[in-house]
$ cat model24.pdb   # PDB, C-alpha atoms
MODEL        1
ATOM      1  CA  MET A1130      76.961  84.765 119.039
ATOM      2  CA  ILE A1131      78.818  88.057 118.789
ATOM      3  CA  GLU A1132      76.977  91.379 118.691
ATOM      4  CA  VAL A1133      78.706  94.760 118.382
ATOM      5  CA  GLU A1134      76.863  98.093 118.578
ATOM      6  CA  LEU A1135      78.144 101.039 116.554
ATOM      7  CA  GLN A1136      77.765 104.678 117.539
ATOM      8  CA  ILE A1137      75.981 106.632 114.830
ATOM      9  CA  PRO A1138      75.068 110.345 115.072
ATOM     10  CA  ALA A1139      71.405 110.976 115.877
ATOM     11  CA  ASP A1140      71.007 112.944 112.653
ATOM     12  CA  ALA A1141      72.462 110.217 110.404
ATOM     13  CA  LYS A1142      70.438 109.771 107.238
ATOM     14  CA  ASN A1143      69.510 106.370 105.852
ATOM     15  CA  ALA A1144      71.292 106.878 102.519
ATOM     16  CA  SER A1145      74.530 108.012 104.146
ATOM     17  CA  VAL A1146      74.643 105.063 106.562
ATOM     18  CA  VAL A1147      73.964 102.589 103.745
ATOM     19  CA  LYS A1148      76.662 104.192 101.599
ATOM     20  CA  VAL A1149      79.227 104.200 104.416
ATOM     21  CA  VAL A1150      78.572 100.565 105.382
ATOM     22  CA  GLU A1151      78.850  99.353 101.806
ATOM     23  CA  GLN A1152      81.925 101.463 100.994
ATOM     24  CA  VAL A1153      83.809 100.508 104.164
ATOM     25  CA  CYS A1154      83.078  96.822 103.689
ATOM     26  CA  ALA A1155      84.100  96.932 100.018
ATOM     27  CA  ALA A1156      87.307  98.817 100.873
ATOM     28  CA  ASN A1157      88.137  95.970 103.277
ATOM     29  CA  GLY A1158      87.609  93.294 100.632
ATOM     30  CA  LEU A1159      84.182  92.171 101.817
ATOM     31  CA  THR A1160      81.337  91.416  99.440
ATOM     32  CA  HIS A1161      77.685  91.363 100.295
ATOM     33  CA  ALA A1162      76.077  88.008  99.754
ATOM     34  CA  LEU A1163      72.631  89.255 100.784
ATOM     35  CA  LYS A1164      70.882  92.577 101.255
ATOM     36  CA  GLY A1165      67.341  92.697 102.566
ATOM     37  CA  THR A1166      65.314  93.341 105.691
ATOM     38  CA  LEU A1167      64.315  91.520 108.872
ATOM     39  CA  ALA A1168      60.699  91.146 110.040
ATOM     40  CA  SER A1169      61.764  91.642 113.659
ATOM     41  CA  TYR A1170      63.161  95.115 112.836
ATOM     42  CA  PRO A1171      60.596  96.757 110.516
ATOM     43  CA  GLY A1172      62.148  98.993 107.894
ATOM     44  CA  CYS A1173      65.721  97.912 108.611
ATOM     45  CA  ILE A1174      68.420  97.181 106.060
ATOM     46  CA  HIS A1175      70.235  93.927 106.703
ATOM     47  CA  TRP A1176      73.355  92.654 104.961
ATOM     48  CA  HIS A1177      75.399  89.474 104.989
ATOM     49  CA  PHE A1178      79.050  90.124 104.175
ATOM     50  CA  LYS A1179      81.650  87.502 103.277
ATOM     51  CA  ASN A1180      85.421  87.645 102.943
ATOM     52  CA  ASP A1181      86.119  86.011  99.591
ATOM     53  CA  LYS A1182      85.921  82.239 100.015
ATOM     54  CA  GLU A1183      86.891  82.258 103.683
ATOM     55  CA  LYS A1184      84.543  80.752 106.228
ATOM     56  CA  GLY A1185      82.268  83.143 108.102
ATOM     57  CA  THR A1186      79.380  85.545 107.602
ATOM     58  CA  LEU A1187      79.191  89.013 109.113
ATOM     59  CA  GLU A1188      75.661  90.336 109.476
ATOM     60  CA  ILE A1189      75.198  94.116 109.633
ATOM     61  CA  THR A1190      71.839  95.689 110.400
ATOM     62  CA  TRP A1191      70.846  99.357 110.126
ATOM     63  CA  TRP A1192      67.513 100.221 111.751
ATOM     64  CA  GLU A1193      66.966 103.863 110.913
ATOM     65  CA  SER A1194      63.814 104.380 113.018
ATOM     66  CA  GLU A1195      65.824 103.467 116.148
ATOM     67  CA  ASN A1196      69.098 104.990 114.917
ATOM     68  CA  ARG A1197      70.743 101.633 115.572
ATOM     69  CA  LEU A1198      73.561 100.007 113.613
ATOM     70  CA  TRP A1199      75.121  96.736 114.715
ATOM     71  CA  PHE A1200      77.234  93.775 113.677
ATOM     72  CA  LYS A1201      76.206  90.227 114.435
ATOM     73  CA  VAL A1202      78.018  86.951 113.952
ATOM     74  CA  ALA A1203      75.729  84.008 114.564
ATOM     75  CA  LYS A1204      76.945  80.841 116.217
ATOM     76  CA  GLY A1205      78.450  78.578 113.585
ATOM     77  CA  ARG A1206      79.101  81.481 111.200
ATOM     78  CA  THR A1207      82.412  82.704 112.602
ATOM     79  CA  GLY A1208      85.575  82.968 110.560
ATOM     80  CA  ASN A1209      89.213  83.586 111.438
ATOM     81  CA  TRP A1210      89.182  86.912 109.563
ATOM     82  CA  MET A1211      86.567  88.410 111.883
ATOM     83  CA  ASP A1212      88.761  88.914 114.967
ATOM     84  CA  GLU A1213      90.811  91.500 113.122
ATOM     85  CA  ALA A1214      88.060  92.821 110.835
ATOM     86  CA  LEU A1215      85.304  93.679 113.336
ATOM     87  CA  PRO A1216      87.178  96.322 115.383
ATOM     88  CA  LYS A1217      88.648  97.796 112.191
ATOM     89  CA  LEU A1218      85.249  98.013 110.469
ATOM     90  CA  LYS A1219      83.649  99.509 113.588
ATOM     91  CA  LYS A1220      86.330 102.199 113.827
ATOM     92  CA  GLN A1221      86.163 103.054 110.131
ATOM     93  CA  ILE A1222      82.361 103.257 110.023
ATOM     94  CA  GLU A1223      82.084 105.334 113.192
ATOM     95  CA  SER A1224      84.873 107.713 112.212
ATOM     96  CA  SER A1225      83.398 108.264 108.758
ATOM     97  CA  PHE A1226      80.601 110.306 110.294
ATOM     98  CA  SER A1227      83.013 112.837 111.789
ATOM     99  CA  LEU A1228      85.954 112.779 109.388
ATOM    100  CA  ASP A1229      86.717 112.449 105.702
ATOM    101  CA  THR A1230      88.246 109.006 106.138
ATOM    102  CA  ASP A1231      90.451 106.943 103.842
ATOM    103  CA  PHE A1232      89.268 103.349 104.313
ATOM    104  CA  THR A1233      92.378 101.723 102.904
ATOM    105  CA  ASP A1234      94.183 101.790 106.291
TER     106      ASP A1234
ENDMDL
END

$ encode --input "model24.pdb" --output "structure tokens"
Amino acid sequence: MIEVELQIPADAKNASVVKVVEQVCAANGLTHALKGTLASYPGCIHWHFKNDKEKGTLEITWWESENRLWFKVAKGRTGNWMDEALPKLKKQIESSFSLDTDFTD
């Protein structure tokens, strides 16, 4: 399993984090296959993102009450595209809270 924590400002609002996550992922060609919540993190927003028909599922969870945003790739859900995508997505999401960022890079 891979887990990557993202640094989000303490004053980040739920709607802005959701918007940034979805826009950054879409700009990188990812589509969400699922959007819901997890019982173990009450009130969280949890996505499953896929890269077209390639193997692999990236899980992203935003838990506003703890100001925690993280990526997770479960064992058996890895894909070749993730090695390059994860650091890029992390950088783009984190930088979007301090800069007006163009996500096409």

$ atom_distance --input "model24.pdb" --atom1 "atom CA of A:Ala1141" --atom2 "atom CA of A:Gly1158"
24.7 Å

$ closest_residue --input "model24.pdb" --among "A:Lys1142, A:Ser1224, A:Gly1165, A:Val1150" --to "A:Phe1200" --atoms "all atoms listed in the file"
A:Val1150

$ closest_residue --input "model24.pdb" --among "A:Arg1197, A:Lys1220, A:Arg1206, A:His1177" --to "A:Ile1137" --atoms "all atoms listed in the file"
A:Arg1197

$ atom_distance --input "model24.pdb" --atom1 "atom CA of A:Leu1215" --atom2 "atom CA of A:Val1133"
8.4 Å

$ residues_around --input "model24.pdb" --residues "A:Ile1189" --least-positions-apart "2" --cutoff "12 Å" --atoms "all atoms listed in the file" --output "VMD selection string"
chain A and resid 1131 to 1135 1146 to 1147 1150 to 1151 1154 1161 to 1167 1173 to 1179 1186 to 1187 1191 to 1192 1197 to 1203 1215 1218 to 1219 1222

$ closest_residue --input "model24.pdb" --among "A:Glu1183, A:Met1130, A:Ala1155, A:Thr1190" --to "A:Gly1205" --atoms "all atoms listed in the file"
A:Met1130

$ closest_residue --input "model24.pdb" --among "A:Thr1160, A:Gln1221, A:Thr1207, A:Asn1196" --to "A:Asp1181" --atoms "only C-alpha atoms"
A:Thr1160

$ atom_distance --input "model24.pdb" --atom1 "atom CA of A:Trp1210" --atom2 "atom CA of A:Asn1143"
27.9 Å

$ residues_near_point --input "model24.pdb" --point "(66.4, 112.2, 117.0)" --cutoff "10 Å" --atoms "only C-alpha atoms" --output "list in words"
Pro1138, Ala1139, Asp1140, Ala1141, Ser1194, Glu1195 and Asn1196 of chain A

$ closest_residue --input "model24.pdb" --among "A:Ala1168, A:Gln1136, A:Asn1180, A:Ser1227" --to "A:Ala1214" --atoms "only C-alpha atoms"
A:Asn1180

$ axis_aligned_box --input "model24.pdb" --around "stretch 1187-1196 of chain A" --padding-each-side "3 Å" --output "JSON"
{"center_x": 71.5, "center_y": 97.0, "center_z": 112.6, "size_x": 21.4, "size_y": 22.0, "size_z": 13.0}

$ closest_residue --input "model24.pdb" --among "A:Ala1144, A:Ala1156, A:Val1149, A:Met1211" --to "A:Lys1184" --atoms "only C-alpha atoms"
A:Met1211

$ build_atoms --input "model24.pdb" --residues "stretch 1138-1165 of chain A" --atoms "N, CA and C atoms" --output "mmCIF file, in the frame of the given file"
data_model
loop_
_atom_site.group_PDB
_atom_site.id
_atom_site.type_symbol
_atom_site.label_atom_id
_atom_site.label_comp_id
_atom_site.auth_asym_id
_atom_site.auth_seq_id
_atom_site.Cartn_x
_atom_site.Cartn_y
_atom_site.Cartn_z
ATOM 1 N N PRO A 1138 75.685 109.082 114.665
ATOM 2 C CA PRO A 1138 75.068 110.345 115.072
ATOM 3 C C PRO A 1138 73.548 110.294 114.958
ATOM 4 N N ALA A 1139 72.874 110.982 115.854
ATOM 5 C CA ALA A 1139 71.405 110.976 115.877
ATOM 6 C C ALA A 1139 70.807 111.509 114.582
ATOM 7 N N ASP A 1140 71.535 112.367 113.885
ATOM 8 C CA ASP A 1140 71.007 112.944 112.653
ATOM 9 C C ASP A 1140 71.458 112.193 111.394
ATOM 10 N N ALA A 1141 71.997 111.001 111.551
ATOM 11 C CA ALA A 1141 72.462 110.217 110.404
ATOM 12 C C ALA A 1141 71.287 109.865 109.500
ATOM 13 N N LYS A 1142 71.474 110.061 108.227
ATOM 14 C CA LYS A 1142 70.438 109.771 107.238
ATOM 15 C C LYS A 1142 70.620 108.364 106.689
ATOM 16 N N ASN A 1143 69.516 107.741 106.357
ATOM 17 C CA ASN A 1143 69.510 106.370 105.852
ATOM 18 C C ASN A 1143 70.503 106.179 104.705
ATOM 19 N N ALA A 1144 70.434 107.036 103.694
ATOM 20 C CA ALA A 1144 71.292 106.878 102.519
ATOM 21 C C ALA A 1144 72.769 106.983 102.878
ATOM 22 N N SER A 1145 73.122 107.870 103.800
ATOM 23 C CA SER A 1145 74.530 108.012 104.146
ATOM 24 C C SER A 1145 75.036 106.806 104.923
ATOM 25 N N VAL A 1146 74.224 106.248 105.807
ATOM 26 C CA VAL A 1146 74.643 105.063 106.562
ATOM 27 C C VAL A 1146 74.818 103.882 105.612
ATOM 28 N N VAL A 1147 73.873 103.687 104.715
ATOM 29 C CA VAL A 1147 73.964 102.589 103.745
ATOM 30 C C VAL A 1147 75.232 102.733 102.910
ATOM 31 N N LYS A 1148 75.478 103.934 102.428
ATOM 32 C CA LYS A 1148 76.662 104.192 101.599
ATOM 33 C C LYS A 1148 77.946 103.910 102.377
ATOM 34 N N VAL A 1149 78.031 104.404 103.598
ATOM 35 C CA VAL A 1149 79.227 104.200 104.416
ATOM 36 C C VAL A 1149 79.456 102.711 104.675
ATOM 37 N N VAL A 1150 78.425 102.001 105.100
ATOM 38 C CA VAL A 1150 78.572 100.565 105.382
ATOM 39 C C VAL A 1150 79.084 99.836 104.149
ATOM 40 N N GLU A 1151 78.464 100.072 103.013
ATOM 41 C CA GLU A 1151 78.850 99.353 101.806
ATOM 42 C C GLU A 1151 80.238 99.747 101.326
ATOM 43 N N GLN A 1152 80.596 101.035 101.421
ATOM 44 C CA GLN A 1152 81.925 101.463 100.994
ATOM 45 C C GLN A 1152 83.021 100.931 101.910
ATOM 46 N N VAL A 1153 82.801 100.996 103.216
ATOM 47 C CA VAL A 1153 83.809 100.508 104.164
ATOM 48 C C VAL A 1153 84.018 99.004 103.978
ATOM 49 N N CYS A 1154 82.941 98.275 103.868
ATOM 50 C CA CYS A 1154 83.078 96.822 103.689
ATOM 51 C C CYS A 1154 83.791 96.490 102.388
ATOM 52 N N ALA A 1155 83.434 97.172 101.305
ATOM 53 C CA ALA A 1155 84.100 96.932 100.018
ATOM 54 C C ALA A 1155 85.581 97.285 100.089
ATOM 55 N N ALA A 1156 85.910 98.403 100.742
ATOM 56 C CA ALA A 1156 87.307 98.817 100.873
ATOM 57 C C ALA A 1156 88.133 97.814 101.665
ATOM 58 N N ASN A 1157 87.459 97.004 102.485
ATOM 59 C CA ASN A 1157 88.137 95.970 103.277
ATOM 60 C C ASN A 1157 88.032 94.591 102.638
ATOM 61 N N GLY A 1158 87.638 94.548 101.379
ATOM 62 C CA GLY A 1158 87.609 93.294 100.632
ATOM 63 C C GLY A 1158 86.409 92.410 100.893
ATOM 64 N N LEU A 1159 85.382 92.961 101.540
ATOM 65 C CA LEU A 1159 84.182 92.171 101.817
ATOM 66 C C LEU A 1159 83.163 92.374 100.702
ATOM 67 N N THR A 1160 82.416 91.336 100.431
ATOM 68 C CA THR A 1160 81.337 91.416 99.440
ATOM 69 C C THR A 1160 80.026 91.057 100.118
ATOM 70 N N HIS A 1161 78.951 91.713 99.668
ATOM 71 C CA HIS A 1161 77.685 91.363 100.295
ATOM 72 C C HIS A 1161 77.036 90.221 99.533
ATOM 73 N N ALA A 1162 76.697 89.202 100.299
ATOM 74 C CA ALA A 1162 76.077 88.008 99.754
ATOM 75 C C ALA A 1162 74.556 88.125 99.814
ATOM 76 N N LEU A 1163 74.068 89.067 100.629
ATOM 77 C CA LEU A 1163 72.631 89.255 100.784
ATOM 78 C C LEU A 1163 72.389 90.678 101.264
ATOM 79 N N LYS A 1164 71.328 91.274 100.762
ATOM 80 C CA LYS A 1164 70.882 92.577 101.255
ATOM 81 C C LYS A 1164 69.363 92.527 101.265
ATOM 82 N N GLY A 1165 68.788 92.773 102.441
ATOM 83 C CA GLY A 1165 67.341 92.697 102.566
ATOM 84 C C GLY A 1165 66.869 93.384 103.826
#
